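S.K.: File follows, entry11.txt with compact mmCIF, C-alpha atoms and all ligand atoms:
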# COMPACT_ATOMS: atom_id res chain seq x y z
CA MET A 1 0.00 0.00 0.00
CA MET A 2 1.65 3.21 -1.17
CA PRO A 3 0.07 6.32 0.43
CA ILE A 4 -0.39 9.39 -1.75
CA ARG A 5 0.06 12.95 -0.53
CA ARG A 6 -3.06 14.87 -1.58
CA ASP A 7 -3.43 18.62 -1.27
CA LEU A 8 -7.06 19.05 -0.21
CA LYS A 9 -8.68 22.19 1.11
CA PHE A 10 -11.79 22.46 3.28
CA ASP A 11 -13.42 25.85 3.60
CA LEU A 12 -14.91 26.02 7.10
CA ALA A 13 -15.69 29.75 6.98
CA ASP A 14 -19.46 29.27 7.23
CA VAL A 15 -19.55 26.24 9.50
CA ASP A 16 -21.07 26.49 12.98
CA LEU A 17 -18.33 24.45 14.63
CA LYS A 18 -20.11 24.26 17.99
CA CYS A 19 -22.87 22.19 16.42
CA TRP A 20 -21.73 20.79 13.07
CA ASN A 21 -22.40 17.12 13.86
CA ALA A 22 -25.94 15.85 13.25
CA HIS A 23 -25.90 14.26 16.73
CA GLY A 24 -25.60 17.72 18.28
CA PRO A 25 -23.12 19.84 20.22
CA LEU A 26 -21.65 17.09 22.40
CA LEU A 27 -20.47 14.88 19.55
CA SER A 28 -19.30 18.07 17.78
CA ALA A 29 -17.30 18.96 20.91
CA TYR A 30 -15.85 15.45 21.09
CA MET A 31 -14.60 15.55 17.48
CA ASN A 32 -13.45 19.18 17.86
CA THR A 33 -11.42 18.02 20.86
CA LEU A 34 -9.76 15.31 18.76
CA SER A 35 -8.87 18.00 16.23
CA LEU A 36 -6.99 19.97 18.92
CA PHE A 37 -4.58 17.05 19.31
CA PHE A 38 -3.85 16.55 15.62
CA PRO A 39 -1.49 19.31 14.42
CA ASP A 40 1.16 18.86 17.13
CA GLY A 41 0.45 15.16 17.50
CA GLU A 42 1.03 14.55 13.80
CA ARG A 43 4.18 16.68 13.84
CA PHE A 44 5.38 14.42 16.67
CA PHE A 45 4.77 11.33 14.47
CA ILE A 46 6.86 12.89 11.70
CA HIS A 47 9.57 13.85 14.22
CA SER A 48 9.76 10.34 15.68
CA LEU A 49 10.01 8.72 12.23
CA ARG A 50 12.73 11.08 11.04
CA HIS A 51 15.13 9.69 13.68
CA TYR A 52 15.10 6.40 11.80
CA ARG A 53 14.82 7.53 8.20
CA ASP A 54 18.50 6.82 7.46
CA ARG A 55 18.19 3.28 8.76
CA ILE A 56 15.51 2.33 6.23
CA THR A 57 17.12 0.63 3.26
CA ASP A 58 14.02 -0.84 1.60
CA PRO A 59 13.21 1.63 -1.22
CA GLU A 60 9.45 0.94 -0.98
CA LEU A 61 9.38 1.71 2.74
CA LYS A 62 11.49 4.83 2.17
CA LYS A 63 8.87 6.09 -0.33
CA GLN A 64 6.07 5.18 2.08
CA VAL A 65 7.74 7.20 4.85
CA THR A 66 8.01 10.23 2.55
CA ALA A 67 4.31 9.88 1.62
CA PHE A 68 3.38 9.41 5.30
CA ILE A 69 5.16 12.66 6.19
CA GLY A 70 3.40 14.42 3.31
CA GLN A 71 -0.04 13.18 4.36
CA GLU A 72 0.42 14.02 8.05
CA ALA A 73 1.69 17.49 7.14
CA MET A 74 -1.49 18.11 5.09
CA HIS A 75 -3.69 16.85 7.95
CA GLY A 76 -1.84 19.14 10.35
CA ARG A 77 -2.36 22.13 8.08
CA GLU A 78 -6.12 21.56 7.73
CA HIS A 79 -6.63 20.84 11.44
CA GLU A 80 -4.64 23.94 12.34
CA GLU A 81 -7.10 26.01 10.32
CA TYR A 82 -10.03 24.10 11.85
CA ASN A 83 -8.64 24.85 15.35
CA ALA A 84 -8.12 28.53 14.52
CA ARG A 85 -11.81 28.71 13.57
CA LEU A 86 -12.77 27.04 16.87
CA GLU A 87 -10.87 29.84 18.62
CA ALA A 88 -12.56 32.47 16.44
CA GLN A 89 -15.94 31.05 17.46
CA GLY A 90 -15.14 31.60 21.13
CA LEU A 91 -13.74 28.21 22.13
CA PRO A 92 -10.41 28.01 24.03
CA ALA A 93 -8.60 26.17 21.24
CA ALA A 94 -5.38 28.21 21.47
CA THR A 95 -4.98 27.77 25.25
CA LEU A 96 -5.75 24.06 25.08
CA GLY A 97 -3.48 23.71 22.04
CA ARG A 98 -0.59 25.25 24.01
CA GLU A 99 -1.13 22.75 26.83
CA ILE A 100 -1.17 19.85 24.36
CA PHE A 101 1.99 21.26 22.76
CA ALA A 102 3.76 21.26 26.16
CA ILE A 103 2.91 17.56 26.72
CA ILE A 104 4.16 16.67 23.24
CA GLU A 105 7.38 18.66 23.71
CA ALA A 106 8.01 16.67 26.91
CA ALA A 107 7.50 13.42 24.96
CA LYS A 108 10.24 14.53 22.53
CA LYS A 109 12.76 14.17 25.38
CA LEU A 110 12.07 10.42 25.68
CA PRO A 111 14.44 7.89 24.03
CA HIS A 112 13.91 7.67 20.27
CA GLU A 113 12.61 4.09 20.39
CA VAL A 114 10.04 5.07 23.03
CA GLN A 115 8.93 8.00 20.86
CA LEU A 116 8.47 5.60 17.94
CA SER A 117 6.50 3.16 20.13
CA ILE A 118 4.20 6.07 21.12
CA THR A 119 3.75 6.96 17.45
CA ILE A 120 2.75 3.45 16.43
CA ALA A 121 0.38 3.20 19.41
CA LEU A 122 -1.33 6.46 18.40
CA GLU A 123 -1.33 5.43 14.74
CA HIS A 124 -3.15 2.27 15.87
CA PHE A 125 -5.75 4.56 17.46
CA THR A 126 -6.12 6.72 14.34
CA ALA A 127 -6.40 3.58 12.17
CA ILE A 128 -9.13 1.95 14.27
CA TYR A 129 -10.99 5.25 14.81
CA GLY A 130 -10.74 5.92 11.07
CA ASP A 131 -12.04 2.46 10.22
CA LEU A 132 -14.97 2.93 12.61
CA LEU A 133 -15.89 6.28 11.07
CA LEU A 134 -15.84 4.75 7.58
CA ARG A 135 -17.71 1.56 8.57
CA LYS A 136 -20.33 3.34 10.68
CA PRO A 137 -21.37 6.39 8.68
CA GLU A 138 -24.16 7.08 11.21
CA ILE A 139 -21.50 8.74 13.44
CA ILE A 140 -21.24 11.57 10.95
CA GLU A 141 -24.12 11.14 8.45
CA GLY A 142 -26.37 14.16 7.98
CA SER A 143 -23.74 16.51 9.46
CA ASN A 144 -22.28 19.59 7.79
CA PRO A 145 -21.06 18.24 4.39
CA THR A 146 -17.66 20.00 4.45
CA MET A 147 -16.91 18.70 7.96
CA THR A 148 -18.06 15.23 6.93
CA ALA A 149 -15.75 15.32 3.91
CA MET A 150 -12.81 16.55 5.98
CA TRP A 151 -13.16 13.81 8.60
CA ARG A 152 -13.68 11.16 5.94
CA TRP A 153 -10.55 12.33 4.08
CA HIS A 154 -8.52 12.12 7.28
CA ALA A 155 -9.93 8.68 8.14
CA LEU A 156 -9.21 7.40 4.62
CA GLU A 157 -5.60 8.59 4.61
CA GLU A 158 -5.05 7.23 8.13
CA THR A 159 -6.20 3.89 6.71
CA GLU A 160 -3.94 4.24 3.69
CA HIS A 161 -0.79 4.85 5.76
CA LYS A 162 -1.70 2.81 8.85
CA ALA A 163 1.22 0.38 8.52
CA VAL A 164 4.03 2.80 7.61
CA ALA A 165 5.24 3.77 11.11
CA TYR A 166 4.63 0.18 12.26
CA ASP A 167 6.85 -1.19 9.48
CA VAL A 168 9.58 1.29 10.40
CA TYR A 169 9.32 0.12 14.03
CA SER A 170 9.52 -3.57 12.99
CA THR A 171 12.51 -2.82 10.75
CA VAL A 172 14.54 -1.01 13.39
CA MET A 173 13.45 -2.97 16.47
CA GLY A 174 13.19 -6.45 14.92
CA LYS A 175 10.89 -9.20 16.16
CA THR A 176 12.37 -9.35 19.65
CA LEU A 177 10.69 -9.71 23.03
CA LYS A 178 11.88 -6.18 23.87
CA ALA A 179 10.18 -4.84 20.72
CA TYR A 180 6.92 -6.59 21.67
CA LEU A 181 7.00 -5.43 25.28
CA LEU A 182 7.81 -1.85 24.35
CA ARG A 183 5.04 -1.52 21.75
CA THR A 184 2.35 -3.17 23.90
CA SER A 185 3.25 -1.32 27.09
CA ALA A 186 3.29 1.93 25.07
CA LEU A 187 -0.29 1.19 23.92
CA VAL A 188 -1.46 0.59 27.51
CA VAL A 189 0.15 3.80 28.81
CA ILE A 190 -0.91 5.87 25.80
CA THR A 191 -4.50 4.64 26.05
CA GLY A 192 -4.71 5.88 29.63
CA VAL A 193 -3.01 9.20 28.90
CA PHE A 194 -4.86 9.81 25.63
CA LEU A 195 -8.37 8.98 26.84
CA SER A 196 -8.01 11.00 30.04
CA ALA A 197 -6.52 13.94 28.09
CA ILE A 198 -9.46 13.80 25.65
CA ALA A 199 -11.98 13.66 28.51
CA SER A 200 -10.50 16.61 30.41
CA THR A 201 -9.98 18.70 27.24
CA MET A 202 -13.52 17.99 26.04
CA ALA A 203 -14.91 18.97 29.47
CA ARG A 204 -13.25 22.39 29.09
CA MET A 205 -14.48 22.79 25.50
CA VAL A 206 -18.05 22.00 26.60
CA LYS A 207 -17.84 24.37 29.58
CA ALA A 208 -16.62 27.19 27.34
CA ASP A 209 -19.58 26.80 24.94
CA ALA A 210 -22.09 29.21 26.45
CA GLU A 211 -24.58 28.68 23.60
CA HIS A 212 -25.27 25.06 24.51
CA ARG A 213 -26.09 23.75 27.93
CA HIS A 214 -26.50 20.03 28.53
CA GLY A 215 -28.79 18.12 30.82
CA MET A 216 -28.68 14.49 31.91
CA ARG A 217 -30.56 13.43 28.78
CA ASP A 218 -27.93 15.00 26.48
CA TRP A 219 -25.09 13.31 28.34
CA ALA A 220 -26.96 9.99 28.35
CA LYS A 221 -27.41 10.29 24.56
CA PHE A 222 -23.71 11.07 24.17
CA GLY A 223 -22.80 8.09 26.39
CA TRP A 224 -25.01 5.88 24.23
CA LEU A 225 -23.23 7.10 21.09
CA MET A 226 -19.90 6.20 22.69
CA LEU A 227 -20.82 2.90 24.28
CA GLY A 228 -24.03 1.72 22.57
CA PRO A 229 -24.42 -0.05 19.21
CA VAL A 230 -22.96 2.86 17.20
CA GLY A 231 -20.09 2.52 19.64
CA ALA A 232 -17.61 5.32 19.05
CA LEU A 233 -15.66 3.70 21.90
CA ARG A 234 -17.11 0.19 21.96
CA GLY A 235 -16.35 -0.23 18.26
CA ILE A 236 -12.64 0.13 18.82
CA ALA A 237 -12.34 -2.29 21.77
CA LEU A 238 -11.71 -5.50 19.80
CA PRO A 239 -9.36 -3.95 17.19
CA TRP A 240 -7.50 -2.33 20.11
CA LEU A 241 -6.94 -5.78 21.65
CA ASP A 242 -5.58 -7.20 18.36
CA TYR A 243 -2.45 -5.12 18.95
CA PHE A 244 -1.41 -7.55 21.70
CA LYS A 245 -1.07 -10.50 19.31
CA PRO A 246 2.67 -11.19 19.02
CA GLY A 247 2.48 -11.33 15.18
CA PHE A 248 0.13 -8.34 14.83
CA HIS A 249 0.32 -6.23 11.68
CA PRO A 250 -2.04 -3.28 10.87
CA TRP A 251 -3.03 -4.86 7.54
CA ASP A 252 -4.20 -8.09 9.30
CA HIS A 253 -7.44 -6.14 9.25
CA ASP A 254 -7.66 -5.68 5.51
CA ASN A 255 -10.07 -2.78 4.97
CA ARG A 256 -8.48 -1.46 1.78
CA GLN A 257 -11.86 -1.62 -0.01
CA VAL A 258 -12.90 1.60 1.78
CA LEU A 259 -10.14 3.45 -0.08
CA ASP A 260 -12.29 3.28 -3.25
CA GLN A 261 -13.99 6.44 -1.96
CA ILE A 262 -10.88 8.56 -1.78
CA ASP A 263 -10.47 9.57 -5.44
CA ALA A 264 -13.92 11.18 -5.71
CA LEU A 265 -13.28 13.10 -2.48
CA ALA A 266 -9.85 14.22 -3.68
CA VAL A 267 -11.35 15.60 -6.91
CA GLN A 268 -14.18 17.41 -5.13
CA TYR A 269 -11.95 19.09 -2.51
CA ALA A 270 -8.68 19.53 -4.41
CA ALA A 271 -6.91 22.72 -3.30
CA PRO A 272 -7.22 25.35 -6.02
CA ALA A 273 -4.07 25.58 -8.11
CA ARG A 274 -2.10 28.75 -7.46
CA ARG A 275 -3.24 31.40 -9.88
CA LEU A 276 -0.53 32.84 -12.06
CA GLU A 277 -0.60 36.58 -12.60
CA PRO A 278 -1.43 37.42 -16.22
CA VAL A 279 1.58 38.51 -18.18
CA ALA A 280 1.20 41.75 -20.12
CA VAL A 281 2.03 41.13 -23.73
CA ALA A 282 3.27 44.09 -25.75
CA ALA A 283 1.25 44.79 -28.87
FE FE B 1 -3.29 12.26 10.17
FE FE B 2 -1.44 8.93 10.76
Go through the file and emit its structure as structure tokens.
M.R.:
Amino acid sequence: MMPIRRDLKFDLADVDLKCWNAHGPLLSAYMNTLSLFFPDGERFFIHSLRHYRDRITDPELKKQVTAFIGQEAMHGREHEEYNARLEAQGLPAATLGREIFAIIEAAKKLPHEVQLSITIALEHFTAIYGDLLLRKPEIIEGSNPTMTAMWRWHALEETEHKAVAYDVYSTVMGKTLKAYLLRTSALVVITGVFLSAIASTMARMVKADAEHRHGMRDWAKFGWLMLGPVGALRGIALPWLDYFKPGFHPWDHDNRQVLDQIDALAVQYAAPARRLEPVAVAA
């Protein structure tokens, strides 16, 4: 699977970001919270892979790493704009973003192999979240079409490059017991840190949204979306556990058929080509 860097642009100027999701402001806040983690998180993935770039000799994997970096850079750019619009609409995106940045900067002081194990753990999250979003369109169906397209694009590209960082890790760490223990313990720690960081960040995003107040019924509905049959959390439990199989590989779950959708999306949202200034031609 060779990922492709695509330059897509999503114009969020007219989107009410506090309530863009058809399920209402709480699911909007949940996905907005995820967005706050992306720009610096994805820069961290790139940073952790770059330590090992020179040790990759397989030309295919080298190309995949370059494409991975290109895709994550594009995601970061679009989520940065998304987050700036959250701030413009009165949500504390900049403050929360700075706090997330500080955590990620601290992670950059860890040994390189630990940084890479964190990256592949988080890439496992983005892959299984992405798969869920694509398999269960009801999470996002009927929502603002531009936001739907943006999240689908991100989910599709996370699927496309889901094995790249993992293959780099396997190449540099080998199939040793140490490699297994490091990657699985990283997933356990990261799951705790990541889910609690999302919960506390979302709580502050919800509190800051003065336009929407939530009663027990709203929270119960949100809990049902997370844990019920749609299962924004329940749906990732089994794929999360797969990571503990000693021979696990991200493409064991072969969902490449979903990538059929990506070309149409890429055409519809392609960034406009830079306009060249007309050249005056002498008569
Ligand atoms: Fe991404
Ligand atoms: Fe990714």
S.K.: Using 6 Å as the limit and counting all atoms listed in the file, can you tabulate each residue of chain A that touches ligand FE 1 (chain B), with its shortest atom-to-atom distance in Å and the two atoms involved, as a Markdown table?
M.R.:
| residue | atom | partner | partner_atom | distance |
| --- | --- | --- | --- | --- |
| A:Glu72 | CA | B:FE1 | FE | 4.6 |
| A:His75 | CA | B:FE1 | FE | 5.1 |
| A:His154 | CA | B:FE1 | FE | 6.0 |
| A:Glu158 | CA | B:FE1 | FE | 5.7 |
S.K.: All residues within 8 Å of ligand FE 2 (chain B) are required, counting all atoms listed in the file; please report them as JSON, numbers by chain.
M.R.: {"A": [42, 45, 68, 71, 72, 123, 126, 127, 157, 158, 161, 162]}
S.K.: Restricting the output to C-alpha atoms, write the selected residues as a PDB file, in the frame of the given file.
M.R.:
ATOM      1  CA  GLU A  42       1.030  14.550  13.800  1.00  0.00           C
ATOM      2  CA  PHE A  45       4.770  11.330  14.470  1.00  0.00           C
ATOM      3  CA  PHE A  68       3.380   9.410   5.300  1.00  0.00           C
ATOM      4  CA  GLN A  71      -0.040  13.180   4.360  1.00  0.00           C
ATOM      5  CA  GLU A  72       0.420  14.020   8.050  1.00  0.00           C
ATOM      6  CA  GLU A 123      -1.330   5.430  14.740  1.00  0.00           C
ATOM      7  CA  THR A 126      -6.120   6.720  14.340  1.00  0.00           C
ATOM      8  CA  ALA A 127      -6.400   3.580  12.170  1.00  0.00           C
ATOM      9  CA  GLU A 157      -5.600   8.590   4.610  1.00  0.00           C
ATOM     10  CA  GLU A 158      -5.050   7.230   8.130  1.00  0.00           C
ATOM     11  CA  HIS A 161      -0.790   4.850   5.760  1.00  0.00           C
ATOM     12  CA  LYS A 162      -1.700   2.810   8.850  1.00  0.00           C
TER      13      LYS A 162
END
S.K.: I'd like the interatomic distance between CA of Leu233 in chain A and CA of Lys136 in chain A, to a tenth of an Å.
M.R.: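 Rounded to one decimal, the two atoms are 12.2 Å apart.
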S.K.: Residues of range 98-194 of chain A that have any atom at most 9 Å from an atom of range 51-62 of chain A: could you tabulate them with the shortest-distance atom pair and the distance in Å to one decimal, using all atoms listed in the file, ordered by chain and increasing number, as a tab-separated table?
M.R.:
residue	atom	partner	partner_atom	distance
A:His112	CA	A:His51	CA	7.0
A:Leu116	CA	A:His51	CA	8.9
A:Val164	CA	A:Leu61	CA	7.3
A:Asp167	CA	A:Leu61	CA	7.8
A:Val168	CA	A:Ile56	CA	7.3
A:Tyr169	CA	A:Tyr52	CA	8.8
A:Thr171	CA	A:Ile56	CA	7.5
A:Val172	CA	A:Arg55	CA	7.3
S.K.: Show me the residues around (-2.6, 4.3, 4.0) - criterion: an atom at most 12 Å away, all atoms listed in the file counted - as a VMD selection string.
M.R.: chain A and resid 1 to 6 64 to 65 67 to 72 123 126 to 127 130 to 131 153 to 166 250 to 251 254 to 259 262
S.K.: Those selected residues, please, written with C-alpha atoms and delivered as a PDB file, in the coordinates of the input.
M.R.:
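File produced: part_37.pdb:
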ATOM      1  CA  MET A   1       0.000   0.000   0.000  1.00  0.00           C
ATOM      2  CA  MET A   2       1.650   3.210  -1.170  1.00  0.00           C
ATOM      3  CA  PRO A   3       0.070   6.320   0.430  1.00  0.00           C
ATOM      4  CA  ILE A   4      -0.390   9.390  -1.750  1.00  0.00           C
ATOM      5  CA  ARG A   5       0.060  12.950  -0.530  1.00  0.00           C
ATOM      6  CA  ARG A   6      -3.060  14.870  -1.580  1.00  0.00           C
ATOM      7  CA  GLN A  64       6.070   5.180   2.080  1.00  0.00           C
ATOM      8  CA  VAL A  65       7.740   7.200   4.850  1.00  0.00           C
ATOM      9  CA  ALA A  67       4.310   9.880   1.620  1.00  0.00           C
ATOM     10  CA  PHE A  68       3.380   9.410   5.300  1.00  0.00           C
ATOM     11  CA  ILE A  69       5.160  12.660   6.190  1.00  0.00           C
ATOM     12  CA  GLY A  70       3.400  14.420   3.310  1.00  0.00           C
ATOM     13  CA  GLN A  71      -0.040  13.180   4.360  1.00  0.00           C
ATOM     14  CA  GLU A  72       0.420  14.020   8.050  1.00  0.00           C
ATOM     15  CA  GLU A 123      -1.330   5.430  14.740  1.00  0.00           C
ATOM     16  CA  THR A 126      -6.120   6.720  14.340  1.00  0.00           C
ATOM     17  CA  ALA A 127      -6.400   3.580  12.170  1.00  0.00           C
ATOM     18  CA  GLY A 130     -10.740   5.920  11.070  1.00  0.00           C
ATOM     19  CA  ASP A 131     -12.040   2.460  10.220  1.00  0.00           C
ATOM     20  CA  TRP A 153     -10.550  12.330   4.080  1.00  0.00           C
ATOM     21  CA  HIS A 154      -8.520  12.120   7.280  1.00  0.00           C
ATOM     22  CA  ALA A 155      -9.930   8.680   8.140  1.00  0.00           C
ATOM     23  CA  LEU A 156      -9.210   7.400   4.620  1.00  0.00           C
ATOM     24  CA  GLU A 157      -5.600   8.590   4.610  1.00  0.00           C
ATOM     25  CA  GLU A 158      -5.050   7.230   8.130  1.00  0.00           C
ATOM     26  CA  THR A 159      -6.200   3.890   6.710  1.00  0.00           C
ATOM     27  CA  GLU A 160      -3.940   4.240   3.690  1.00  0.00           C
ATOM     28  CA  HIS A 161      -0.790   4.850   5.760  1.00  0.00           C
ATOM     29  CA  LYS A 162      -1.700   2.810   8.850  1.00  0.00           C
ATOM     30  CA  ALA A 163       1.220   0.380   8.520  1.00  0.00           C
ATOM     31  CA  VAL A 164       4.030   2.800   7.610  1.00  0.00           C
ATOM     32  CA  ALA A 165       5.240   3.770  11.110  1.00  0.00           C
ATOM     33  CA  TYR A 166       4.630   0.180  12.260  1.00  0.00           C
ATOM     34  CA  PRO A 250      -2.040  -3.280  10.870  1.00  0.00           C
ATOM     35  CA  TRP A 251      -3.030  -4.860   7.540  1.00  0.00           C
ATOM     36  CA  ASP A 254      -7.660  -5.680   5.510  1.00  0.00           C
ATOM     37  CA  ASN A 255     -10.070  -2.780   4.970  1.00  0.00           C
ATOM     38  CA  ARG A 256      -8.480  -1.460   1.780  1.00  0.00           C
ATOM     39  CA  GLN A 257     -11.860  -1.620  -0.010  1.00  0.00           C
ATOM     40  CA  VAL A 258     -12.900   1.600   1.780  1.00  0.00           C
ATOM     41  CA  LEU A 259     -10.140   3.450  -0.080  1.00  0.00           C
ATOM     42  CA  ILE A 262     -10.880   8.560  -1.780  1.00  0.00           C
TER      43      ILE A 262
END
S.K.: Using all atoms listed in the file for the distances, tell me which of A:Ala210, A:Leu34, A:Leu49, A:Leu238 is nearest to Phe194 in chain A.
M.R.: A:Leu34
S.K.: Starting from the point (-1.9, -4.8, 17.8), work out which residues of protein, DNA or RNA have an atom no more than 10 Å away when counting all atoms listed in the file; state them as number ranges by chain.
M.R.: A: 120-121, 124, 166, 180, 183-184, 187, 239-250, 252
S.K.: Export C-alpha atoms of the chosen residues as a short mmCIF file (atom, residue, chain, number, x, y, z; two decimals), in the frame of the given file?
M.R.:
data_model
loop_
_atom_site.label_atom_id
_atom_site.label_comp_id
_atom_site.auth_asym_id
_atom_site.auth_seq_id
_atom_site.Cartn_x
_atom_site.Cartn_y
_atom_site.Cartn_z
CA ILE A 120 2.75 3.45 16.43
CA ALA A 121 0.38 3.20 19.41
CA HIS A 124 -3.15 2.27 15.87
CA TYR A 166 4.63 0.18 12.26
CA TYR A 180 6.92 -6.59 21.67
CA ARG A 183 5.04 -1.52 21.75
CA THR A 184 2.35 -3.17 23.90
CA LEU A 187 -0.29 1.19 23.92
CA PRO A 239 -9.36 -3.95 17.19
CA TRP A 240 -7.50 -2.33 20.11
CA LEU A 241 -6.94 -5.78 21.65
CA ASP A 242 -5.58 -7.20 18.36
CA TYR A 243 -2.45 -5.12 18.95
CA PHE A 244 -1.41 -7.55 21.70
CA LYS A 245 -1.07 -10.50 19.31
CA PRO A 246 2.67 -11.19 19.02
CA GLY A 247 2.48 -11.33 15.18
CA PHE A 248 0.13 -8.34 14.83
CA HIS A 249 0.32 -6.23 11.68
CA PRO A 250 -2.04 -3.28 10.87
CA ASP A 252 -4.20 -8.09 9.30
#
S.K.: Just how far from CA of Ile104 in chain A is CA of Phe38 in chain A, in Å to one decimal?
M.R.: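 Rounded to one decimal, the two atoms are 11.1 Å apart.
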S.K.: Using only C-alpha atoms, which protein or nucleic acid residues come within 10 Å of His214 in chain A? Drop anything in the same chain fewer than 5 positions from it, and give the result as a PDB file with C-alpha atoms, in the coordinates of the input.
M.R.:
ATOM      1  CA  PRO A  25     -23.120  19.840  20.220  1.00  0.00           C
ATOM      2  CA  LEU A  26     -21.650  17.090  22.400  1.00  0.00           C
ATOM      3  CA  VAL A 206     -18.050  22.000  26.600  1.00  0.00           C
ATOM      4  CA  LYS A 207     -17.840  24.370  29.580  1.00  0.00           C
ATOM      5  CA  TRP A 219     -25.090  13.310  28.340  1.00  0.00           C
TER       6      TRP A 219
END
S.K.: Using all atoms listed in the file for the distances, tell me which of A:Leu8, A:Ile118, A:Leu86, A:Val15 is nearest to Val188 in chain A.
M.R.: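 For Val188 in chain A, the nearest of the given residues is A:Ile118.
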S.K.: Calculate how many Å separate CA of Arg43 in chain A from CA of Leu177 in chain A, rounding to one decimal.
M.R.: 28.7 Å
S.K.: What's around Ala149 in chain A at 10 Å? Count all atoms listed in the file, leave out sequence neighbours fewer than 3 positions away in its own chain, and write the answer as a ChimeraX atom specification.
M.R.: /A:10,140,143-146,152-155,265-266,268-269
S.K.: Between A:Lys18, A:Lys63, A:Lys221, A:His253, which has the minimum distance to Met31 in chain A (counting only C-alpha atoms)?
M.R.: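 Answer, going by the shortest atom-to-atom distance: A:Lys18.
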S.K.: Pick out the residues sitting within 9 Å of Ala29 in chain A, and hand them over as an mmCIF file with C-alpha atoms, in the frame of the given file; count all atoms listed in the file, and ignore anything fewer than 5 positions along from it in its own chain.
M.R.:
data_model
loop_
_atom_site.group_PDB
_atom_site.id
_atom_site.type_symbol
_atom_site.label_atom_id
_atom_site.label_comp_id
_atom_site.auth_asym_id
_atom_site.auth_seq_id
_atom_site.Cartn_x
_atom_site.Cartn_y
_atom_site.Cartn_z
ATOM 1 C CA LEU A 17 -18.330 24.450 14.630
ATOM 2 C CA LYS A 18 -20.110 24.260 17.990
ATOM 3 C CA CYS A 19 -22.870 22.190 16.420
ATOM 4 C CA ASN A 21 -22.400 17.120 13.860
ATOM 5 C CA GLY A 24 -25.600 17.720 18.280
ATOM 6 C CA LEU A 34 -9.760 15.310 18.760
ATOM 7 C CA MET A 202 -13.520 17.990 26.040
ATOM 8 C CA ALA A 203 -14.910 18.970 29.470
ATOM 9 C CA MET A 205 -14.480 22.790 25.500
ATOM 10 C CA VAL A 206 -18.050 22.000 26.600
#
S.K.: Counting all atoms listed in the file, what is within 12 Å of Arg234 in chain A, bar same-chain residues fewer than 6 positions away, as a PyMOL selection string?
M.R.: chain A and resi 128-129+132+223-228+240-241
S.K.: Put those residues in a file: C-alpha atoms, as a short mmCIF file (atom, residue, chain, number, x, y, z; two decimals), in the coordinates of the input.
M.R.:
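Result file selection.cif:
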data_model
loop_
_atom_site.label_atom_id
_atom_site.label_comp_id
_atom_site.auth_asym_id
_atom_site.auth_seq_id
_atom_site.Cartn_x
_atom_site.Cartn_y
_atom_site.Cartn_z
CA ILE A 128 -9.13 1.95 14.27
CA TYR A 129 -10.99 5.25 14.81
CA LEU A 132 -14.97 2.93 12.61
CA GLY A 223 -22.80 8.09 26.39
CA TRP A 224 -25.01 5.88 24.23
CA LEU A 225 -23.23 7.10 21.09
CA MET A 226 -19.90 6.20 22.69
CA LEU A 227 -20.82 2.90 24.28
CA GLY A 228 -24.03 1.72 22.57
CA TRP A 240 -7.50 -2.33 20.11
CA LEU A 241 -6.94 -5.78 21.65
#
